[in-house]
$ cat protein-v4.cif   # mmCIF, C-alpha atoms
data_structure
#
loop_
_atom_site.label_atom_id
_atom_site.label_comp_id
_atom_site.auth_asym_id
_atom_site.auth_seq_id
_atom_site.Cartn_x
_atom_site.Cartn_y
_atom_site.Cartn_z
CA LEU Q 1 -21.62 -8.06 1.17
CA LEU Q 2 -23.78 -7.67 -1.95
CA SER Q 3 -26.53 -5.90 -0.02
CA GLY Q 4 -24.47 -2.80 0.79
CA ASN Q 5 -25.27 0.80 -0.11
CA SER Q 6 -22.65 1.39 -2.80
CA LYS Q 7 -24.12 2.44 -6.14
CA TYR Q 8 -21.95 -0.16 -7.84
CA LEU Q 9 -23.88 -2.94 -6.10
CA LYS Q 10 -27.00 -1.88 -8.02
CA ASP Q 11 -25.37 -2.80 -11.36
CA ASN Q 12 -25.12 -6.51 -12.16
CA LYS Q 13 -21.88 -6.00 -14.12
CA TYR Q 14 -20.06 -4.69 -11.05
CA ARG Q 15 -21.69 -7.29 -8.78
CA LYS Q 16 -20.19 -10.02 -10.96
CA VAL Q 17 -16.74 -8.45 -10.67
CA LEU Q 18 -17.19 -8.32 -6.90
CA VAL Q 19 -18.13 -12.00 -6.76
CA LYS Q 20 -15.09 -12.87 -8.89
CA ALA Q 21 -12.88 -11.00 -6.42
CA MET Q 22 -14.43 -12.88 -3.48
CA MET Q 23 -13.91 -16.24 -5.22
CA THR Q 24 -10.29 -15.36 -5.91
CA LEU Q 25 -9.63 -14.56 -2.25
CA ASN Q 26 -11.28 -17.79 -1.16
CA SER Q 27 -9.11 -19.78 -3.57
CA ASN Q 28 -5.87 -18.14 -2.44
CA TYR Q 29 -6.35 -18.86 1.27
CA ARG Q 30 -4.25 -21.60 2.91
CA THR Q 31 -4.73 -23.15 6.36
CA PRO Q 32 -1.75 -23.29 8.79
CA ALA Q 33 0.98 -25.68 7.68
CA GLY Q 34 4.65 -26.23 8.43
CA ASP Q 35 6.17 -23.09 9.93
CA ILE Q 36 3.17 -20.95 8.96
CA LEU Q 37 1.33 -20.92 12.28
CA HIS Q 38 -1.86 -19.09 11.31
CA GLY Q 39 -3.72 -19.34 8.04
CA GLY Q 40 -2.95 -16.83 5.31
CA SER Q 41 -3.11 -16.26 1.59
CA ASN Q 42 -0.66 -16.89 -1.18
CA PRO Q 43 -0.62 -13.89 -3.52
CA SER Q 44 -2.04 -16.19 -6.21
CA TYR Q 45 -3.16 -19.82 -6.20
CA ASN Q 46 -1.47 -20.33 -9.58
CA GLY Q 47 1.78 -21.00 -7.75
CA PHE Q 48 3.97 -18.33 -9.33
CA ILE Q 49 4.44 -16.65 -5.93
CA ASN Q 50 4.22 -18.88 -2.86
CA GLY Q 51 4.34 -18.15 0.86
CA ILE Q 52 2.75 -15.31 2.83
CA TRP Q 53 3.78 -11.71 2.10
CA SER Q 54 3.24 -8.95 4.59
CA TRP Q 55 1.59 -6.00 2.92
CA ASP Q 56 -0.25 -8.39 0.61
CA SER Q 57 -1.77 -10.00 3.71
CA TRP Q 58 -2.84 -6.72 5.29
CA LYS Q 59 -4.60 -5.61 2.10
CA ILE Q 60 -6.14 -9.05 1.60
CA ALA Q 61 -7.49 -9.05 5.16
CA SER Q 62 -9.15 -5.71 4.41
CA GLY Q 63 -11.13 -7.33 1.59
CA ASN Q 64 -11.67 -10.72 3.22
CA VAL Q 65 -13.22 -9.31 6.38
CA HIS Q 66 -16.42 -8.44 4.52
CA PHE Q 67 -17.26 -12.12 4.08
CA ASN Q 68 -14.56 -14.15 5.91
CA GLU Q 69 -14.14 -12.50 9.31
CA GLU Q 70 -12.10 -15.21 11.05
CA ILE Q 71 -9.87 -15.71 8.02
CA ALA Q 72 -9.23 -11.95 7.94
CA LYS Q 73 -8.14 -11.98 11.60
CA SER Q 74 -5.82 -14.90 10.94
CA GLU Q 75 -4.42 -13.10 7.88
CA MET Q 76 -3.51 -10.12 10.09
CA ILE Q 77 -1.83 -12.22 12.77
CA THR Q 78 0.23 -14.65 10.69
CA LEU Q 79 3.16 -12.33 9.85
CA PHE Q 80 3.30 -11.10 13.45
CA ASP Q 81 3.99 -14.66 14.61
CA TYR Q 82 7.54 -13.91 13.43
CA GLN Q 83 7.87 -10.32 14.65
CA ALA Q 84 11.43 -9.72 15.84
CA ASP Q 85 12.34 -8.40 19.29
CA ASN Q 86 13.16 -5.01 17.74
CA GLY Q 87 9.68 -4.82 16.18
CA MET Q 88 10.55 -5.68 12.58
CA VAL Q 89 8.03 -7.78 10.67
CA PRO Q 90 9.60 -9.81 7.84
CA ASP Q 91 8.76 -9.21 4.22
CA PHE Q 92 7.81 -12.84 3.67
CA ILE Q 93 7.27 -16.07 5.60
CA SER Q 94 7.50 -19.58 4.21
CA TYR Q 95 6.34 -23.13 4.96
CA ASN Q 96 10.00 -23.61 5.96
CA LYS Q 97 11.01 -20.64 8.13
CA LYS Q 98 14.63 -20.77 6.99
CA TYR Q 99 13.39 -19.06 3.81
CA ASN Q 100 11.71 -16.15 5.64
CA ASN Q 101 12.97 -12.86 4.20
CA TRP Q 102 14.60 -10.63 6.84
CA ARG Q 103 16.47 -8.42 4.37
CA ASP Q 104 13.60 -5.91 4.39
CA ALA Q 105 10.13 -5.22 5.73
CA LYS Q 106 7.15 -3.90 3.76
CA PRO Q 107 5.20 -0.61 3.96
CA PRO Q 108 3.35 -0.13 7.28
CA VAL Q 109 -0.27 -0.72 6.33
CA ALA Q 110 -0.77 -3.27 9.12
CA ALA Q 111 -2.61 -0.92 11.50
CA TRP Q 112 -4.85 0.17 8.61
CA GLY Q 113 -5.59 -3.49 7.87
CA ALA Q 114 -6.26 -4.29 11.53
CA MET Q 115 -8.58 -1.30 11.88
CA ASN Q 116 -10.48 -2.41 8.77
CA VAL Q 117 -10.95 -5.80 10.45
CA TYR Q 118 -12.05 -4.20 13.72
CA LYS Q 119 -14.53 -1.84 12.08
CA ALA Q 120 -16.15 -4.71 10.20
CA THR Q 121 -16.26 -7.10 13.17
CA GLY Q 122 -16.39 -4.91 16.29
CA ASP Q 123 -14.03 -7.44 17.89
CA LYS Q 124 -12.24 -5.48 20.61
CA LYS Q 125 -10.39 -8.56 21.80
CA PHE Q 126 -8.74 -8.79 18.35
CA LEU Q 127 -7.72 -5.14 18.70
CA GLU Q 128 -6.22 -5.81 22.13
CA THR Q 129 -4.29 -8.78 20.70
CA MET Q 130 -2.88 -6.72 17.85
CA PHE Q 131 -2.20 -3.30 19.36
CA ASP Q 132 1.17 -3.83 21.06
CA LYS Q 133 2.49 -5.71 18.03
CA LEU Q 134 1.37 -2.94 15.68
CA TYR Q 135 2.84 -0.19 17.85
CA LYS Q 136 6.13 -2.07 18.14
CA PHE Q 137 6.32 -2.37 14.35
CA HIS Q 138 5.54 1.34 14.05
CA GLN Q 139 8.37 2.26 16.43
CA TRP Q 140 10.77 0.05 14.47
CA TRP Q 141 10.59 2.38 11.48
CA TYR Q 142 11.85 5.32 13.52
CA ALA Q 143 14.56 3.27 15.24
CA GLU Q 144 15.90 1.67 12.03
CA ARG Q 145 14.79 3.84 9.07
CA ASP Q 146 15.17 7.49 10.07
CA HIS Q 147 18.72 8.29 9.00
CA ASN Q 148 18.88 11.90 10.21
CA HIS Q 149 16.40 11.49 13.12
CA ASN Q 150 14.00 14.15 11.88
CA GLY Q 151 10.84 12.07 12.25
CA ILE Q 152 10.67 11.39 8.50
CA CYS Q 153 11.58 7.87 7.36
CA GLU Q 154 13.19 6.17 4.41
CA TYR Q 155 12.96 2.69 2.93
CA GLY Q 156 16.00 0.57 3.63
CA SER Q 157 17.39 -2.89 4.29
CA THR Q 158 19.11 -4.97 6.93
CA ASP Q 159 21.96 -6.00 4.60
CA GLY Q 160 22.81 -2.60 3.11
CA THR Q 161 21.69 -3.51 -0.42
CA LEU Q 162 19.66 -1.15 -2.56
CA ILE Q 163 17.67 -4.00 -4.09
CA ALA Q 164 16.31 -5.06 -0.69
CA ALA Q 165 15.53 -1.41 0.11
CA CYS Q 166 13.54 -1.20 -3.12
CA TRP Q 167 11.70 -4.40 -2.16
CA GLU Q 168 10.86 -2.76 1.17
CA SER Q 169 8.96 -0.06 -0.71
CA GLY Q 170 6.81 -2.73 -2.33
CA MET Q 171 7.39 -0.83 -5.60
CA ASP Q 172 10.49 -2.85 -6.40
CA ASN Q 173 11.97 -1.24 -9.53
CA GLY Q 174 10.32 2.18 -9.43
CA VAL Q 175 12.05 4.82 -11.54
CA ARG Q 176 12.45 7.13 -8.53
CA PHE Q 177 14.96 4.66 -7.04
CA ASP Q 178 17.28 4.60 -10.05
CA ASP Q 179 19.82 7.02 -8.54
CA ALA Q 180 19.39 6.16 -4.86
CA VAL Q 181 22.37 5.19 -2.71
CA MET Q 182 22.43 3.50 0.67
CA GLN Q 183 23.45 5.09 3.98
CA LYS Q 184 24.21 3.16 7.16
CA ASN Q 185 22.10 3.98 10.21
CA SER Q 186 23.40 1.36 12.64
CA GLU Q 187 24.37 -2.28 12.68
CA ASN Q 188 21.99 -4.16 10.34
CA ALA Q 189 20.04 -0.99 9.52
CA TRP Q 190 20.46 1.00 6.31
CA SER Q 191 18.37 3.66 4.56
CA MET Q 192 18.16 5.01 1.03
CA ASN Q 193 19.31 8.60 0.78
CA GLN Q 194 15.76 9.72 0.01
CA GLU Q 195 12.76 10.35 2.23
CA ASN Q 196 9.77 8.65 0.69
CA ILE Q 197 6.41 10.28 0.08
CA CYS Q 198 4.48 7.00 0.21
CA LEU Q 199 6.22 5.65 3.32
CA ASN Q 200 5.57 8.80 5.31
CA SER Q 201 1.97 8.93 4.12
CA PHE Q 202 1.57 5.35 5.36
CA LEU Q 203 3.24 6.27 8.65
CA TYR Q 204 0.93 9.26 9.06
CA VAL Q 205 -2.09 6.97 8.70
CA ASP Q 206 -0.38 4.45 10.98
CA LYS Q 207 -0.07 7.11 13.69
CA THR Q 208 -3.65 8.35 13.39
CA ILE Q 209 -5.07 4.81 13.41
CA LEU Q 210 -2.87 3.72 16.31
CA ALA Q 211 -4.06 6.83 18.15
CA GLU Q 212 -7.67 5.83 17.48
CA MET Q 213 -6.93 2.31 18.73
CA ALA Q 214 -5.17 3.71 21.82
CA THR Q 215 -8.28 5.76 22.63
CA LEU Q 216 -10.48 2.68 22.27
CA LEU Q 217 -8.11 0.77 24.56
CA ASN Q 218 -8.01 3.55 27.18
CA LYS Q 219 -4.49 4.78 26.48
CA PRO Q 220 -5.18 8.53 26.17
CA GLU Q 221 -1.60 9.72 26.69
CA LEU Q 222 -0.28 7.49 23.91
CA ALA Q 223 -3.11 8.62 21.64
CA ALA Q 224 -2.17 12.27 22.23
CA GLN Q 225 1.50 11.54 21.58
CA LEU Q 226 0.75 9.77 18.29
CA ASN Q 227 -1.52 12.56 17.10
CA ALA Q 228 1.18 15.12 17.88
CA GLU Q 229 3.75 13.08 15.95
CA ALA Q 230 1.35 12.84 13.00
CA LYS Q 231 1.27 16.65 12.78
CA VAL Q 232 5.06 16.66 12.26
CA ILE Q 233 4.67 14.40 9.23
CA LYS Q 234 1.77 16.43 7.87
CA GLU Q 235 3.69 19.70 8.01
CA PHE Q 236 6.81 18.15 6.43
CA VAL Q 237 4.86 16.58 3.56
CA GLN Q 238 2.86 19.73 2.85
CA THR Q 239 5.89 22.04 2.88
CA LYS Q 240 8.98 19.97 1.99
CA MET Q 241 7.68 17.21 -0.29
CA TRP Q 242 5.39 19.45 -2.35
CA ASP Q 243 6.75 21.04 -5.52
CA LYS Q 244 4.91 24.24 -6.43
CA GLU Q 245 6.37 24.34 -9.93
CA THR Q 246 4.83 21.03 -11.05
CA GLY Q 247 1.99 20.84 -8.52
CA PHE Q 248 2.87 17.37 -7.27
CA PHE Q 249 4.38 15.52 -4.31
CA TYR Q 250 7.76 13.78 -4.55
CA ASP Q 251 10.42 11.91 -2.60
CA THR Q 252 13.20 14.19 -1.40
CA ARG Q 253 16.96 13.76 -0.94
CA ILE Q 254 17.91 13.56 2.73
CA ASP Q 255 20.88 15.93 2.59
CA THR Q 256 19.65 18.59 0.18
CA GLY Q 257 15.84 18.38 0.25
CA GLU Q 258 15.90 18.20 -3.55
CA HIS Q 259 12.72 16.80 -5.09
CA ILE Q 260 13.13 13.57 -7.05
CA LYS Q 261 10.79 14.63 -9.83
CA VAL Q 262 9.38 11.35 -11.00
CA MET Q 263 5.59 11.48 -11.27
CA GLY Q 264 4.35 8.13 -9.99
CA ALA Q 265 1.45 6.54 -8.16
CA GLU Q 266 3.20 7.04 -4.82
CA CYS Q 267 2.67 10.78 -5.20
CA TRP Q 268 -1.09 10.62 -4.59
CA LEU Q 269 -0.71 8.77 -1.29
CA PRO Q 270 -0.96 12.11 0.61
CA LEU Q 271 -4.56 12.37 -0.67
CA TRP Q 272 -5.37 8.86 0.58
CA ALA Q 273 -3.75 9.74 3.91
CA GLY Q 274 -5.55 13.08 4.18
CA ILE Q 275 -2.28 15.02 4.44
CA ALA Q 276 -2.60 17.26 1.38
CA THR Q 277 -4.13 20.72 1.58
CA PRO Q 278 -7.30 21.19 -0.52
CA GLU Q 279 -5.34 23.18 -3.12
CA GLN Q 280 -2.59 20.56 -3.29
CA ALA Q 281 -5.20 17.84 -3.69
CA LYS Q 282 -6.83 19.75 -6.55
CA GLN Q 283 -3.54 20.02 -8.42
CA VAL Q 284 -2.78 16.31 -7.91
CA MET Q 285 -6.29 15.46 -9.12
CA GLN Q 286 -5.66 17.42 -12.31
CA LYS Q 287 -2.56 15.30 -13.04
CA MET Q 288 -4.50 12.11 -12.29
CA MET Q 289 -7.21 13.17 -14.77
CA ASP Q 290 -4.73 14.24 -17.48
CA PRO Q 291 -4.83 11.78 -20.44
CA GLN Q 292 -1.16 12.55 -21.12
CA LYS Q 293 -0.11 11.55 -17.60
CA PHE Q 294 -2.30 9.11 -15.66
CA ASN Q 295 -5.76 9.05 -17.25
CA SER Q 296 -4.70 6.57 -19.91
CA THR Q 297 -6.78 3.76 -21.46
CA LEU Q 298 -6.41 1.99 -18.13
CA PRO Q 299 -6.00 4.81 -15.62
CA LEU Q 300 -3.71 5.41 -12.66
CA GLY Q 301 -0.59 3.54 -13.68
CA THR Q 302 2.54 3.60 -11.59
CA LEU Q 303 4.39 6.09 -13.82
CA ASP Q 304 3.37 9.15 -15.81
CA ILE Q 305 2.88 7.73 -19.33
CA SER Q 306 4.88 10.60 -20.86
CA HIS Q 307 7.99 9.64 -18.86
CA PRO Q 308 10.87 8.45 -21.08
CA ARG Q 309 11.49 5.39 -18.88
CA LEU Q 310 7.92 4.13 -19.18
CA ARG Q 311 7.78 0.37 -19.78
CA PRO Q 312 4.07 -0.47 -20.01
CA VAL Q 313 4.39 -4.23 -20.56
CA ARG Q 314 7.52 -5.57 -18.87
CA GLY Q 315 8.07 -2.65 -16.56
CA TYR Q 316 6.52 -4.10 -13.38
CA TRP Q 317 6.51 -0.84 -11.33
CA ARG Q 318 7.73 1.33 -14.23
CA GLY Q 319 4.29 2.06 -15.66
CA PRO Q 320 1.90 -0.88 -15.33
CA VAL Q 321 -1.34 -0.35 -13.40
CA TRP Q 322 -1.41 -1.97 -9.94
CA VAL Q 323 -4.87 -2.20 -8.41
CA ASP Q 324 -3.82 -1.22 -4.88
CA GLN Q 325 -2.48 2.08 -6.23
CA VAL Q 326 -5.70 2.62 -8.19
CA TYR Q 327 -7.64 2.05 -4.97
CA PHE Q 328 -5.44 4.46 -2.98
CA GLY Q 329 -5.82 7.07 -5.72
CA ILE Q 330 -9.59 6.80 -6.03
CA THR Q 331 -10.05 6.81 -2.25
CA GLY Q 332 -7.80 9.86 -2.06
CA LEU Q 333 -9.96 11.69 -4.59
CA ARG Q 334 -13.09 10.89 -2.61
CA ASN Q 335 -11.43 12.15 0.58
CA TYR Q 336 -11.26 15.62 -1.00
CA GLY Q 337 -14.72 15.65 -2.57
CA PHE Q 338 -13.69 14.72 -6.11
CA ASP Q 339 -16.40 12.08 -6.39
CA ARG Q 340 -17.16 12.72 -10.05
CA GLU Q 341 -13.53 12.16 -11.00
CA ALA Q 342 -13.33 9.10 -8.74
CA ASP Q 343 -16.40 7.61 -10.44
CA ILE Q 344 -14.96 8.24 -13.90
CA LEU Q 345 -11.69 6.52 -13.04
CA THR Q 346 -13.35 3.61 -11.21
CA GLU Q 347 -15.66 2.83 -14.11
CA LYS Q 348 -12.89 3.27 -16.67
CA PHE Q 349 -10.65 0.88 -14.74
CA ILE Q 350 -13.32 -1.81 -14.29
CA ASN Q 351 -14.43 -1.61 -17.92
CA ASN Q 352 -10.98 -1.48 -19.54
CA ALA Q 353 -8.97 -3.99 -17.48
CA GLN Q 354 -8.77 -7.04 -19.73
CA GLY Q 355 -11.12 -9.85 -18.68
CA LEU Q 356 -12.44 -8.13 -15.59
CA THR Q 357 -16.08 -7.85 -16.68
CA THR Q 358 -15.98 -11.06 -18.74
CA ASP Q 359 -14.59 -14.48 -17.85
CA GLY Q 360 -10.93 -13.51 -17.34
CA PRO Q 361 -9.11 -13.70 -14.00
CA ILE Q 362 -8.10 -10.71 -11.89
CA HIS Q 363 -4.43 -10.05 -12.60
CA GLU Q 364 -1.42 -8.72 -10.72
CA ASN Q 365 -1.16 -5.66 -12.95
CA TYR Q 366 -2.15 -4.27 -16.34
CA ASN Q 367 -0.81 -2.32 -19.31
CA PRO Q 368 -1.86 1.34 -18.87
CA LEU Q 369 -1.94 1.98 -22.63
CA THR Q 370 -4.11 -0.97 -23.63
CA GLY Q 371 -5.60 -2.57 -20.48
CA GLU Q 372 -3.83 -5.86 -21.30
CA ALA Q 373 -3.62 -8.19 -18.29
CA LEU Q 374 -0.04 -8.78 -17.10
CA ASN Q 375 1.85 -11.12 -14.79
CA SER Q 376 0.18 -13.38 -12.22
CA PRO Q 377 -3.55 -14.19 -12.63
CA ASN Q 378 -5.97 -14.64 -9.73
CA PHE Q 379 -4.08 -12.06 -7.68
CA GLY Q 380 -5.06 -11.51 -4.07
CA TRP Q 381 -4.46 -7.87 -3.28
CA SER Q 382 -5.92 -6.83 -6.63
CA SER Q 383 -9.08 -8.70 -5.66
CA ALA Q 384 -9.19 -7.22 -2.16
CA CYS Q 385 -8.76 -3.68 -3.44
CA ILE Q 386 -11.44 -4.18 -6.09
CA ILE Q 387 -13.82 -5.23 -3.30
CA LYS Q 388 -13.05 -2.07 -1.33
CA MET Q 389 -13.26 0.08 -4.47
CA LEU Q 390 -16.70 -1.26 -5.41
CA LEU Q 391 -17.95 -1.00 -1.84
CA ASP Q 392 -16.92 2.66 -2.11
CA GLU Q 393 -14.94 2.63 1.15
#
$ encode --input "protein-v4.cif" --output "structure tokens"
Amino acid sequence: LLSGNSKYLKDNKYRKVLVKAMMTLNSNYRTPAGDILHGGSNPSYNGFINGIWSWDSWKIASGNVHFNEEIAKSEMITLFDYQADNGMVPDFISYNKKYNNWRDAKPPVAAWGAMNVYKATGDKKFLETMFDKLYKFHQWWYAERDHNHNGICEYGSTDGTLIAACWESGMDNGVRFDDAVMQKNSENAWSMNQENICLNSFLYVDKTILAEMATLLNKPELAAQLNAEAKVIKEFVQTKMWDKETGFFYDTRIDTGEHIKVMGAECWLPLWAGIATPEQAKQVMQKMMDPQKFNSTLPLGTLDISHPRLRPVRGYWRGPVWVDQVYFGITGLRNYGFDREADILTEKFINNAQGLTTDGPIHENYNPLTGEALNSPNFGWSSACIIKMLLDE
């Protein structure tokens, strides 16, 4: 891992951060036990958050695979041991399965995680094992979370509650959800009344990766279908979820198409996904580099720091910096050739996150205004995303 080509691996300061991230992932891993049938990682070994969480696992596998290939494969499979007949993958699984959370799922980054594992290992048998499960989960979103059947999905819940729908986003208390209401799709399937920019960016990547997998597995017709469906998302995001006035992407109301104008980290997911036009990407980059919006002491927080509802310390997803969103943002910038800006933000994040370059643990999130470490220490997906960030991939 430390012998790669990334420029960050030539600097001992960054190498030490990388080793810390690897040690954290090793410490968080748990072998199969109780109703957890394959090994997986707790979000943190400190015990604040136990059990195995879905999108945590898929990000963690993407970091683990660089030095723990078999553990990464297990990490990808463990949630799918409980995949429902309709394709849903639960938010969370526990040592005692009666505590598994079926109120909501989590964003569809499973195919991305599985492809990261495949690319690092070349294990086609793993891909064959995962493909049908991944495609079934992908189809679930359109069966259960597309209220008006236009090929654009919403976060939702199985019990009709807004809180579970917010959990499904992974960005639990984001400001953009403050005025959302729930709409019933069918029995045990509800959606928010807003189409989500991050969810549909994830689904676009899901389609393109599943298409790539289908090609590798000699399923050319399915690959063509998925690529055609991806174009529908791309056109919708570019034309309906883009606001020319502010030069940013937003969630939209289902019925009216109105933009929910909250500038948050979710709005640069179209750059990570490769959906944005070059001009759109340039305008998003300018907001990301603006010291009055996202280029704060610790850059790329979850909410524009000028927003009146910013809560930088106890806000959770209302301003604090989450490392996965930093990774998505920096990768998005690199996708469009903004390498200088990506380098500036990467180095600023690594240097200003409290304890990262010294003897402190890697935390769940951080204060954007000061870099103060917040919430759970020794956090898994933060560590995995730091590994990918410093490997420049």
$ atom_distance --input "protein-v4.cif" --atom1 "CA of Phe202 in chain Q" --atom2 "CA of Lys261 in chain Q"
20.0 Å
$ residues_around --input "protein-v4.cif" --residues "range 73-80 of chain Q" --least-positions-apart "3" --cutoff "8 Å" --atoms "all atoms listed in the file" --output "PDB file with C-alpha atoms, in the frame of the given file"
ATOM      1  CA  ILE Q  36       3.170 -20.950   8.960  1.00  0.00           C
ATOM      2  CA  LEU Q  37       1.330 -20.920  12.280  1.00  0.00           C
ATOM      3  CA  HIS Q  38      -1.860 -19.090  11.310  1.00  0.00           C
ATOM      4  CA  GLY Q  39      -3.720 -19.340   8.040  1.00  0.00           C
ATOM      5  CA  GLY Q  40      -2.950 -16.830   5.310  1.00  0.00           C
ATOM      6  CA  SER Q  41      -3.110 -16.260   1.590  1.00  0.00           C
ATOM      7  CA  ILE Q  52       2.750 -15.310   2.830  1.00  0.00           C
ATOM      8  CA  TRP Q  53       3.780 -11.710   2.100  1.00  0.00           C
ATOM      9  CA  SER Q  54       3.240  -8.950   4.590  1.00  0.00           C
ATOM     10  CA  SER Q  57      -1.770 -10.000   3.710  1.00  0.00           C
ATOM     11  CA  TRP Q  58      -2.840  -6.720   5.290  1.00  0.00           C
ATOM     12  CA  ILE Q  60      -6.140  -9.050   1.600  1.00  0.00           C
ATOM     13  CA  ALA Q  61      -7.490  -9.050   5.160  1.00  0.00           C
ATOM     14  CA  VAL Q  65     -13.220  -9.310   6.380  1.00  0.00           C
ATOM     15  CA  GLU Q  69     -14.140 -12.500   9.310  1.00  0.00           C
ATOM     16  CA  GLU Q  70     -12.100 -15.210  11.050  1.00  0.00           C
ATOM     17  CA  GLN Q  83       7.870 -10.320  14.650  1.00  0.00           C
ATOM     18  CA  VAL Q  89       8.030  -7.780  10.670  1.00  0.00           C
ATOM     19  CA  PRO Q  90       9.600  -9.810   7.840  1.00  0.00           C
ATOM     20  CA  PHE Q  92       7.810 -12.840   3.670  1.00  0.00           C
ATOM     21  CA  ILE Q  93       7.270 -16.070   5.600  1.00  0.00           C
ATOM     22  CA  ALA Q 110      -0.770  -3.270   9.120  1.00  0.00           C
ATOM     23  CA  GLY Q 113      -5.590  -3.490   7.870  1.00  0.00           C
ATOM     24  CA  ALA Q 114      -6.260  -4.290  11.530  1.00  0.00           C
ATOM     25  CA  VAL Q 117     -10.950  -5.800  10.450  1.00  0.00           C
ATOM     26  CA  PHE Q 126      -8.740  -8.790  18.350  1.00  0.00           C
ATOM     27  CA  MET Q 130      -2.880  -6.720  17.850  1.00  0.00           C
ATOM     28  CA  LYS Q 133       2.490  -5.710  18.030  1.00  0.00           C
TER      29      LYS Q 133
END
$ axis_aligned_box --input "protein-v4.cif" --around "range 384-392 of chain Q" --padding-each-side "6 Å" --output "lines of an AutoDock Vina configuration file"
center_x = -13.4
center_y = -2.3
center_z = -3.7
size_x = 21.2
size_y = 21.9
size_z = 16.8
$ atom_distance --input "protein-v4.cif" --atom1 "CA of Gly274 in chain Q" --atom2 "CA of Asn227 in chain Q"
13.5 Å
$ atom_distance --input "protein-v4.cif" --atom1 "CA of His149 in chain Q" --atom2 "CA of Asn100 in chain Q"
29.0 Å
$ resolve_selection --input "protein-v4.cif" --expression "the PyMOL selection byres ((chain Q and resi 157) around 7)" --output "list in words"
Arg103, Asp104, Gly156, Thr158, Asp159, Gly160, Thr161, Ala164, Ala165, Ala189, Trp190 and Ser191 of chain Q
$ resolve_selection --input "protein-v4.cif" --expression "the PyMOL selection byres ((chain Q and resi 172) around 12)" --output "NGL selection string"
:Q and (104 or 106-107 or 155-156 or 162-171 or 173-178 or 302 or 315-318)
$ closest_residue --input "protein-v4.cif" --among "Q:Ser383, Q:Asn68, Q:Asn185, Q:Thr256" --to "Glu154 in chain Q" --atoms "all atoms listed in the file"
Q:Asn185
$ closest_residue --input "protein-v4.cif" --among "Q:Asp81, Q:Asp290, Q:Glu258, Q:Asp206" --to "Met241 in chain Q" --atoms "all atoms listed in the file"
Q:Glu258
$ resolve_selection --input "protein-v4.cif" --expression "the PyMOL selection byres ((chain Q and resi 245) around 12)" --output "ChimeraX atom specification"
/Q:242-244,246-250,259,261,280,283
$ residues_around --input "protein-v4.cif" --residues "Lys231 in chain Q" --least-positions-apart "5" --cutoff "10 Å" --atoms "only C-alpha atoms" --output "list of chain:residue names"
Q:Tyr204, Q:Lys207, Q:Thr208, Q:Leu226, Q:Phe236, Q:Val237, Q:Ile275
$ residues_around --input "protein-v4.cif" --residues "Thr252 in chain Q" --least-positions-apart "5" --cutoff "8 Å" --atoms "only C-alpha atoms" --output "compact mmCIF listing (two decimals) with C-alpha atoms, in the frame of the given file"
# COMPACT_ATOMS: atom_id res chain seq x y z
CA GLN Q 194 15.76 9.72 0.01
CA GLU Q 195 12.76 10.35 2.23
CA ASN Q 196 9.77 8.65 0.69
CA ILE Q 197 6.41 10.28 0.08
CA LYS Q 240 8.98 19.97 1.99
CA MET Q 241 7.68 17.21 -0.29
CA GLY Q 257 15.84 18.38 0.25
CA GLU Q 258 15.90 18.20 -3.55
CA HIS Q 259 12.72 16.80 -5.09
CA ILE Q 260 13.13 13.57 -7.05
$ residues_near_point --input "protein-v4.cif" --point "(-4.4, -9.7, -16.2)" --cutoff "9 Å" --atoms "only C-alpha atoms" --output "number ranges by chain"
Q: 353-356, 360-367, 371-379
$ closest_residue --input "protein-v4.cif" --among "Q:Gly63, Q:Ala72, Q:Ala273, Q:Ser94" --to "Asn42 in chain Q" --atoms "all atoms listed in the file"
Q:Ser94
$ residues_around --input "protein-v4.cif" --residues "Ala214 in chain Q" --least-positions-apart "6" --cutoff "10 Å" --atoms "only C-alpha atoms" --output "list in words"
Leu127, Glu128, Phe131, Asp132, Tyr135, Thr208, Pro220, Glu221, Leu222, Ala223, Ala224 and Leu226 of chain Q
$ closest_residue --input "protein-v4.cif" --among "Q:Val109, Q:Leu300, Q:Val326, Q:Leu25" --to "Ile71 in chain Q" --atoms "only C-alpha atoms"
Q:Leu25
$ build_atoms --input "protein-v4.cif" --residues "range 384-388 of chain Q" --atoms "N, CA, C and O atoms" --output "mmCIF file, keeping the file's coordinate frame"
data_model
loop_
_atom_site.group_PDB
_atom_site.id
_atom_site.type_symbol
_atom_site.label_atom_id
_atom_site.label_comp_id
_atom_site.auth_asym_id
_atom_site.auth_seq_id
_atom_site.Cartn_x
_atom_site.Cartn_y
_atom_site.Cartn_z
ATOM 1 N N ALA Q 384 -8.776 -7.905 -3.387
ATOM 2 C CA ALA Q 384 -9.190 -7.220 -2.160
ATOM 3 C C ALA Q 384 -9.450 -5.747 -2.403
ATOM 4 O O ALA Q 384 -10.428 -5.175 -1.888
ATOM 5 N N CYS Q 385 -8.593 -5.115 -3.180
ATOM 6 C CA CYS Q 385 -8.760 -3.680 -3.440
ATOM 7 C C CYS Q 385 -9.936 -3.403 -4.360
ATOM 8 O O CYS Q 385 -10.584 -2.362 -4.240
ATOM 9 N N ILE Q 386 -10.231 -4.326 -5.268
ATOM 10 C CA ILE Q 386 -11.440 -4.180 -6.090
ATOM 11 C C ILE Q 386 -12.679 -4.246 -5.202
ATOM 12 O O ILE Q 386 -13.632 -3.473 -5.383
ATOM 13 N N ILE Q 387 -12.688 -5.148 -4.231
ATOM 14 C CA ILE Q 387 -13.820 -5.230 -3.300
ATOM 15 C C ILE Q 387 -14.007 -3.890 -2.586
ATOM 16 O O ILE Q 387 -15.114 -3.342 -2.536
ATOM 17 N N LYS Q 388 -12.931 -3.337 -2.054
ATOM 18 C CA LYS Q 388 -13.050 -2.070 -1.330
ATOM 19 C C LYS Q 388 -13.449 -0.932 -2.271
ATOM 20 O O LYS Q 388 -14.229 -0.049 -1.898
#
